[in-house]
>>> print(open('input.txt').read())   # compact mmCIF, C-alpha atoms
# COMPACT_ATOMS: atom_id res chain seq x y z
CA MET A 23 120.01 -86.67 -120.68
CA LYS A 24 117.86 -89.66 -119.95
CA LEU A 25 115.36 -88.53 -117.37
CA LEU A 26 112.49 -90.52 -116.03
CA ILE A 27 109.21 -88.64 -115.84
CA ASN A 28 109.36 -87.97 -112.10
CA GLY A 29 112.89 -86.55 -112.07
CA PHE A 30 114.81 -89.74 -111.31
CA HIS A 31 117.92 -90.13 -113.35
CA LYS A 32 118.38 -93.42 -115.15
CA ALA A 33 122.04 -93.60 -114.17
CA PHE A 34 121.00 -93.92 -110.52
CA GLU A 35 118.71 -96.87 -111.03
CA SER A 36 121.50 -99.18 -109.89
CA ARG A 37 122.12 -99.22 -106.17
CA ILE A 38 125.86 -99.61 -106.69
CA ARG A 39 126.01 -96.47 -108.81
CA LEU A 40 123.96 -94.72 -106.17
CA GLY A 41 126.46 -95.92 -103.57
CA ILE A 42 129.40 -94.61 -105.59
CA MET A 43 127.72 -91.22 -105.93
CA SER A 44 126.86 -91.11 -102.21
CA ALA A 45 130.46 -91.81 -101.23
CA LEU A 46 131.79 -89.21 -103.67
CA ALA A 47 129.21 -86.64 -102.56
CA ILE A 48 130.55 -86.61 -99.03
CA ASN A 49 134.25 -87.31 -99.64
CA ASP A 50 136.28 -85.08 -101.98
CA LYS A 51 138.10 -88.01 -103.49
CA PHE A 52 137.96 -91.74 -103.16
CA ASP A 53 140.23 -94.39 -104.59
CA PHE A 54 139.13 -97.53 -106.37
CA ASN A 55 140.01 -99.96 -103.59
CA ALA A 56 138.25 -97.92 -100.91
CA LEU A 57 135.08 -97.84 -103.00
CA LYS A 58 135.40 -101.57 -103.53
CA GLU A 59 135.64 -102.16 -99.77
CA PHE A 60 132.57 -100.11 -98.95
CA LEU A 61 130.40 -101.47 -101.73
CA GLU A 62 131.63 -105.05 -101.42
CA VAL A 63 131.69 -105.67 -105.15
CA THR A 64 134.21 -107.25 -107.50
CA ASP A 65 136.76 -105.24 -109.48
CA GLY A 66 135.00 -105.85 -112.77
CA ASN A 67 131.59 -104.97 -111.43
CA LEU A 68 132.77 -101.72 -109.86
CA ALA A 69 134.80 -100.77 -112.93
CA SER A 70 131.78 -101.15 -115.22
CA HIS A 71 129.58 -99.02 -112.96
CA ILE A 72 132.23 -96.33 -112.69
CA LYS A 73 132.65 -96.38 -116.46
CA ALA A 74 128.93 -95.77 -116.86
CA LEU A 75 129.10 -92.78 -114.51
CA GLU A 76 132.20 -91.49 -116.30
CA LYS A 77 130.34 -91.70 -119.59
CA GLU A 78 127.59 -89.50 -118.17
CA GLU A 79 130.40 -87.15 -117.03
CA PHE A 80 129.18 -87.47 -113.44
CA VAL A 81 132.49 -88.80 -112.18
CA GLY A 82 136.03 -87.68 -112.98
CA VAL A 83 139.24 -89.67 -112.72
CA GLU A 84 142.59 -88.63 -111.34
CA LYS A 85 145.50 -90.95 -111.97
CA SER A 86 148.71 -90.67 -110.03
CA PHE A 87 151.49 -92.77 -108.60
CA ILE A 88 152.24 -93.54 -104.99
CA GLY A 89 155.85 -94.62 -105.30
CA LYS A 90 155.64 -97.05 -108.18
CA LYS A 91 152.07 -98.14 -107.56
CA PRO A 92 149.42 -96.55 -109.72
CA ASN A 93 146.63 -94.92 -107.74
CA THR A 94 143.29 -94.04 -109.28
CA LYS A 95 141.08 -91.57 -107.53
CA TYR A 96 137.56 -90.62 -108.40
CA PHE A 97 135.70 -87.42 -107.71
CA MET A 98 132.29 -86.00 -108.47
CA THR A 99 132.04 -83.48 -111.31
CA PRO A 100 129.80 -80.39 -110.96
CA LYS A 101 127.47 -82.04 -113.46
CA GLY A 102 127.36 -85.18 -111.36
CA LYS A 103 126.72 -83.16 -108.23
CA LYS A 104 123.77 -81.44 -109.84
CA ALA A 105 122.29 -84.67 -111.13
CA PHE A 106 122.71 -86.34 -107.74
CA GLU A 107 121.07 -83.41 -105.96
CA ASN A 108 118.16 -83.53 -108.37
CA HIS A 109 117.83 -87.22 -107.73
CA LEU A 110 117.76 -86.63 -103.98
CA LYS A 111 115.15 -83.92 -104.46
CA ALA A 112 113.01 -86.32 -106.48
CA LEU A 113 113.31 -88.91 -103.72
CA GLU A 114 112.34 -86.27 -101.20
CA ASN A 115 109.28 -85.29 -103.21
CA LEU A 116 108.24 -88.90 -103.41
CA ILE A 117 108.34 -89.26 -99.65
CA LYS A 118 106.44 -86.02 -99.12
CA LYS A 119 103.74 -87.19 -101.49
CA SER A 120 103.37 -90.61 -99.93
CA GLY A 121 103.78 -89.39 -96.35
CA MET B 793 110.50 -99.01 -113.20
CA LYS B 794 111.07 -99.16 -109.48
CA GLU B 795 108.45 -99.46 -106.82
CA GLU B 796 108.03 -96.83 -104.14
CA GLN B 797 109.56 -99.03 -101.46
CA ASP B 798 112.61 -99.49 -103.68
CA TYR B 799 113.15 -95.75 -103.58
CA LEU B 800 112.79 -95.79 -99.83
CA ARG B 801 115.50 -98.44 -99.69
CA ASP B 802 117.60 -96.25 -101.98
CA ILE B 803 117.37 -93.45 -99.45
CA THR B 804 118.47 -95.75 -96.63
CA GLU B 805 121.35 -96.92 -98.80
CA ILE B 806 122.47 -93.36 -99.63
CA ARG B 807 122.39 -92.40 -95.97
CA SER B 808 124.27 -95.47 -94.84
CA MET B 809 126.90 -95.10 -97.56
CA MET B 810 127.48 -91.44 -96.74
CA GLU B 811 127.85 -92.29 -93.08
CA ARG B 812 130.03 -95.36 -93.54
CA SER B 813 132.34 -93.69 -96.05
CA SER B 814 132.92 -90.58 -93.98
CA LYS B 815 132.72 -91.57 -90.33
CA PHE B 816 134.23 -94.23 -88.14
CA LEU B 817 131.29 -95.25 -85.96
CA SER B 818 132.57 -98.56 -84.64
CA LEU B 819 134.05 -96.94 -81.56
CA SER B 820 132.45 -98.58 -78.56
CA GLY B 821 131.53 -96.97 -75.27
CA TRP B 822 133.03 -99.97 -73.50
CA SER B 823 136.48 -99.07 -74.84
CA GLY B 824 136.22 -95.70 -73.14
CA ILE B 825 134.97 -97.13 -69.85
CA LEU B 826 137.71 -99.77 -69.65
CA ALA B 827 140.47 -97.42 -70.84
CA GLY B 828 139.41 -95.06 -68.06
CA ILE B 829 139.57 -97.83 -65.46
CA TYR B 830 143.07 -98.86 -66.63
CA ALA B 831 144.17 -95.23 -66.39
CA LEU B 832 142.77 -94.81 -62.88
CA ALA B 833 144.46 -98.02 -61.75
CA GLY B 834 147.70 -96.89 -63.42
CA ALA B 835 147.62 -93.47 -61.78
CA TYR B 836 147.01 -95.11 -58.40
CA ILE B 837 149.95 -97.50 -58.87
CA ALA B 838 152.21 -94.67 -60.06
CA TYR B 839 151.32 -92.52 -57.06
CA SER B 840 151.13 -95.10 -54.26
CA PHE B 841 153.68 -97.71 -55.20
CA LEU B 842 156.15 -95.94 -57.47
CA GLY B 843 156.02 -92.60 -55.68
CA PHE B 844 155.56 -90.69 -58.91
CA ASN B 845 154.30 -87.21 -58.21
CA PRO B 846 156.56 -84.58 -59.74
CA ALA B 847 156.13 -81.33 -57.85
CA ASP B 848 158.04 -79.12 -60.23
CA LEU B 849 159.35 -79.08 -63.77
CA GLU B 850 162.73 -80.65 -63.13
CA TYR B 851 161.66 -83.13 -60.49
CA ARG B 852 165.08 -82.99 -58.78
CA GLN B 853 166.87 -85.21 -61.21
CA VAL B 854 170.63 -85.48 -61.13
CA PRO B 855 171.85 -84.51 -64.62
CA GLY B 856 173.19 -87.52 -66.45
CA GLU B 857 171.29 -89.93 -64.21
CA ILE B 858 167.92 -89.19 -65.62
CA LEU B 859 166.78 -92.66 -66.57
CA ASN B 860 166.76 -94.03 -63.07
CA PHE B 861 164.91 -97.13 -62.00
CA ASP B 862 161.69 -95.39 -60.96
CA LEU B 863 161.35 -93.59 -64.24
CA TRP B 864 161.77 -96.87 -66.06
CA LYS B 865 158.90 -98.31 -64.03
CA ILE B 866 156.73 -95.30 -64.84
CA VAL B 867 157.45 -95.63 -68.57
CA VAL B 868 156.72 -99.38 -68.51
CA LEU B 869 153.50 -98.76 -66.56
CA ALA B 870 152.42 -96.10 -69.06
CA LEU B 871 153.14 -98.47 -71.96
CA ILE B 872 151.15 -101.28 -70.33
CA ILE B 873 148.15 -98.94 -69.87
CA LEU B 874 148.48 -97.76 -73.47
CA ILE B 875 148.66 -101.30 -74.89
CA LEU B 876 145.71 -102.46 -72.76
CA ALA B 877 143.61 -99.45 -73.78
CA VAL B 878 144.42 -99.75 -77.50
CA GLY B 879 143.90 -103.53 -77.41
CA THR B 880 140.52 -103.09 -75.73
CA ALA B 881 139.51 -100.42 -78.25
CA ILE B 882 140.47 -102.69 -81.17
CA TYR B 883 138.58 -105.65 -79.66
CA PHE B 884 135.34 -103.75 -79.02
CA SER B 885 135.50 -101.88 -82.34
CA GLN B 886 135.86 -105.16 -84.16
CA GLN B 887 132.83 -106.56 -82.32
CA LYS B 888 130.78 -103.49 -83.09
CA ALA B 889 131.79 -103.39 -86.75
CA HIS B 890 130.94 -107.06 -87.04
CA LYS B 891 127.50 -106.42 -85.57
CA ARG B 892 126.93 -103.61 -88.05
CA GLY B 893 127.98 -105.90 -90.86
CA GLU B 894 131.03 -103.84 -91.69
CA ARG B 895 134.72 -104.43 -91.91
CA ILE B 896 136.85 -102.72 -89.31
CA TRP B 897 139.78 -102.00 -91.61
CA ASN B 898 138.55 -99.64 -94.31
CA ALA B 899 139.29 -96.21 -95.75
CA THR B 900 137.50 -94.44 -92.89
CA THR B 901 139.55 -96.26 -90.24
CA ARG B 902 142.80 -95.57 -92.06
CA ARG B 903 141.97 -91.88 -92.40
CA LEU B 904 141.07 -91.64 -88.72
CA LEU B 905 144.31 -93.29 -87.61
CA ALA B 906 146.46 -91.26 -90.00
CA HIS B 907 145.00 -88.00 -88.72
CA MET B 908 145.29 -89.09 -85.11
CA ALA B 909 148.90 -90.18 -85.53
CA VAL B 910 150.26 -86.73 -86.42
CA PRO B 911 149.56 -84.87 -83.15
CA LEU B 912 150.28 -88.01 -81.09
CA ILE B 913 153.69 -88.62 -82.66
CA ALA B 914 154.63 -84.94 -82.38
CA GLY B 915 153.58 -84.93 -78.72
CA GLY B 916 155.27 -88.26 -78.00
CA LEU B 917 158.58 -87.04 -79.43
CA LEU B 918 158.35 -83.79 -77.44
CA ILE B 919 157.77 -85.78 -74.25
CA LEU B 920 160.79 -88.00 -75.00
CA ILE B 921 162.89 -84.87 -75.52
CA LEU B 922 161.69 -83.46 -72.19
CA ILE B 923 162.41 -86.77 -70.40
CA SER B 924 165.94 -86.72 -71.85
CA LYS B 925 166.38 -83.25 -70.32
CA GLY B 926 164.91 -84.33 -66.99
CA TRP B 927 161.76 -82.22 -67.25
CA LEU B 928 159.51 -84.94 -65.91
CA GLY B 929 156.89 -82.60 -64.48
CA LEU B 930 155.45 -81.93 -67.91
CA MET B 931 155.10 -85.58 -68.92
CA ALA B 932 151.55 -86.12 -67.67
CA PRO B 933 150.11 -82.70 -68.67
CA LEU B 934 151.57 -82.93 -72.19
CA THR B 935 150.14 -86.40 -72.84
CA LEU B 936 146.72 -84.90 -71.99
CA LEU B 937 147.27 -81.85 -74.17
CA PHE B 938 148.38 -83.74 -77.29
CA TYR B 939 145.79 -86.47 -76.82
CA GLY B 940 143.15 -83.74 -76.58
CA LEU B 941 144.45 -82.12 -79.77
CA ALA B 942 144.32 -85.49 -81.55
CA LEU B 943 140.72 -86.11 -80.42
CA TYR B 944 139.62 -82.61 -81.38
CA HIS B 945 141.26 -83.04 -84.76
CA ILE B 946 139.66 -86.42 -85.60
CA SER B 947 136.18 -85.67 -84.26
CA ARG B 948 134.93 -84.83 -87.75
CA PHE B 949 135.73 -88.38 -88.84
CA THR B 950 133.82 -90.06 -86.01
CA TYR B 951 131.34 -89.15 -83.25
CA ASP B 952 131.04 -85.37 -82.87
CA GLU B 953 131.20 -85.81 -79.10
CA LEU B 954 134.94 -86.53 -79.36
CA LYS B 955 135.40 -82.80 -79.92
CA THR B 956 134.13 -82.02 -76.44
CA LEU B 957 136.22 -84.80 -74.92
CA GLY B 958 139.25 -83.36 -76.76
CA LEU B 959 138.61 -79.90 -75.34
CA ILE B 960 138.22 -81.32 -71.83
CA GLU B 961 141.54 -83.19 -72.16
CA MET B 962 143.28 -80.02 -73.38
CA VAL B 963 141.92 -77.93 -70.49
CA LEU B 964 143.02 -80.58 -67.97
CA GLY B 965 146.44 -80.77 -69.65
CA LEU B 966 146.93 -77.02 -69.44
CA ALA B 967 145.72 -77.00 -65.82
CA GLY B 968 148.21 -79.78 -65.07
CA ALA B 969 151.01 -77.81 -66.72
CA TYR B 970 150.22 -74.80 -64.52
CA PHE B 971 149.71 -76.73 -61.29
CA ILE B 972 152.56 -79.19 -61.83
CA GLU B 973 152.15 -80.65 -58.34
CA TYR B 974 148.65 -81.81 -59.32
CA GLY B 975 149.78 -83.10 -62.73
CA LEU B 976 149.09 -86.74 -61.94
CA LEU B 977 145.68 -85.89 -60.48
CA PHE B 978 144.69 -84.03 -63.65
CA TRP B 979 146.04 -86.94 -65.66
CA ALA B 980 143.80 -89.34 -63.70
CA LEU B 981 140.83 -87.02 -64.25
CA GLY B 982 141.52 -86.75 -68.00
CA PHE B 983 142.47 -90.28 -68.93
CA GLY B 984 140.48 -91.97 -66.17
CA LEU B 985 137.31 -90.19 -65.17
CA ALA B 986 136.68 -88.38 -68.49
CA HIS B 987 137.05 -91.66 -70.44
CA VAL B 988 134.71 -93.54 -68.12
CA LEU B 989 132.03 -90.82 -68.28
CA TYR B 990 132.42 -90.45 -72.04
CA GLY B 991 132.22 -94.23 -72.51
CA ILE B 992 129.00 -94.41 -70.47
CA PHE B 993 127.55 -91.53 -72.47
CA ILE B 994 128.37 -93.13 -75.84
CA HIS B 995 127.08 -96.49 -74.66
CA TYR B 996 123.71 -95.13 -73.55
CA ARG B 997 123.34 -92.79 -76.50
CA TYR B 998 124.31 -95.07 -79.38
CA GLU B 999 124.49 -98.65 -78.22
CA ARG B 1000 121.16 -99.40 -76.69
>>> encode(input="input.txt", output="structure tokens")
Amino acid sequence: MKLLINGFHKAFESRIRLGIMSALAINDKFDFNALKEFLEVTDGNLASHIKALEKEEFVGVEKSFIGKKPNTKYFMTPKGKKAFENHLKALENLIKKSG
Amino acid sequence: MKEEQDYLRDITEIRSMMERSSKFLSLSGWSGILAGIYALAGAYIAYSFLGFNPADLEYRQVPGEILNFDLWKIVVLALIILILAVGTAIYFSQQKAHKRGERIWNATTRRLLAHMAVPLIAGGLLILILISKGWLGLMAPLTLLFYGLALYHISRFTYDELKTLGLIEMVLGLAGAYFIEYGLLFWALGFGLAHVLYGIFIHYRYER
């Protein structure tokens, strides 16, 4: 795992990836289009960020069909949850130190 | 490597994303205040001009002649109030979302409406069934009861305070069902006064 010295995970350097993780932390599942709406990014941009999180095994995919339309939902894996919590803790520590 | 202030912005971003993706916060206090005023005006018209004040469950309807002229007027009046209230809510929510730099139609809004629709449709159908049987006395109390259930149910997707408002509506609905002769009064308290007070509360708490 690529960790920065102070506990920040490299995968969360990007604010879009951080946004994806925040949305998945509080909602059990989220579909692609909903994420796109909240983050206001293009399809390609969002897809590449999700792919990066998938590669880290932080985010899982669930594909299904609503009628004939494919529907892709994303959720946070236990590994992703742990990494995100650690990242939040690191942020917290930073504030405590500077405050 | 990021600067410290970048991390602080990250925290703001995380917070905002969690809030935006889980809660519908574009509901405006003004919607509540105006919806309440429409309801009070509607209740006054129903009572004073249309003579609607069912004193018991069956409201002395002749079987087979249930949909008389007065009932039609009441239904139309109720629909006008509903359309005005929903229209006002949409208008002010749009304004508020715009001010917050958000879009009104997103996953959070859809989830809120989908969850709200279930108790409201169930209640609406029950009320139609009761009207068809001539049990007009329960119309007003049941709208309160099912509206209260809907609010209670969706409060976790929006302001927590909607839970209290939902409980108040349910209590007033049940009271109206017991004291049928005061059904319209309880309805005016629930849809009128409670909405106005709630709207003022939300406005002062979150919009200033």
>>> closest_residue(input="input.txt", among="B:Tyr974, B:Tyr990, B:Phe949, B:Phe844", to="chain A", atoms="only C-alpha atoms")
B:Phe949
>>> residues_near_point(input="input.txt", point="(151.4, -80.2, -63.3)", cutoff="9 Å", atoms="only C-alpha atoms", output="number ranges by chain")
B: 846-849, 929-933, 965-979
>>> closest_residue(input="input.txt", among="A:Lys103, A:Lys85, A:Lys73, A:Lys95", to="Leu57 in chain A", atoms="all atoms listed in the file")
A:Lys95
>>> atom_distance(input="input.txt", atom1="CA of Glu811 in chain B", atom2="CA of Thr900 in chain B")
9.9 Å
>>> interface_residues(input="input.txt", of="chain B", to="chain A", cutoff="7 Å", atoms="all atoms listed in the file", output="list in words")
Tyr799, Asp802, Ile806, Met809, Met810, Ser813, Ser814, Asn898 and Ala899 of chain B
>>> closest_residue(input="input.txt", among="A:Asn67, A:Phe54, A:Lys77, A:Ala33", to="Asn93 in chain A", atoms="only C-alpha atoms")
A:Phe54
>>> axis_aligned_box(input="input.txt", around="range 924-934 of chain B", padding_each_side="3 Å", output="lines of an AutoDock Vina configuration file")
center_x = 158.2
center_y = -84.3
center_z = -68.3
size_x = 22.3
size_y = 10.8
size_z = 13.7
>>> closest_residue(input="input.txt", among="B:Trp864, B:Ile896, B:Leu869, B:Tyr883", to="Ile923 in chain B", atoms="all atoms listed in the file")
B:Trp864
>>> closest_residue(input="input.txt", among="A:Gly66, A:Ile88, A:Glu78, A:Asn115", to="Pro100 in chain A", atoms="only C-alpha atoms")
A:Glu78
>>> residues_near_point(input="input.txt", point="(134.4, -81.9, -65.8)", cutoff="10 Å", atoms="only C-alpha atoms", output="list in words")
Leu957, Ile960, Glu961, Val963, Leu964, Leu981, Gly982, Leu985, Ala986 and Leu989 of chain B
>>> atom_distance(input="input.txt", atom1="CA of Tyr951 in chain B", atom2="CA of Gly834 in chain B")
26.8 Å
>>> closest_residue(input="input.txt", among="B:Ser818, B:Gly843, B:Asp952, B:Arg997", to="Trp897 in chain B", atoms="all atoms listed in the file")
B:Ser818
>>> residues_around(input="input.txt", residues="Lys955 in chain B", least_positions_apart="5", cutoff="12 Å", atoms="only C-alpha atoms", output="list in words")
Tyr939, Gly940, Leu941, Ala942, Leu943, Tyr944, His945, Ile946, Ser947, Arg948, Phe949, Thr950, Ile960, Glu961, Met962 and Tyr990 of chain B
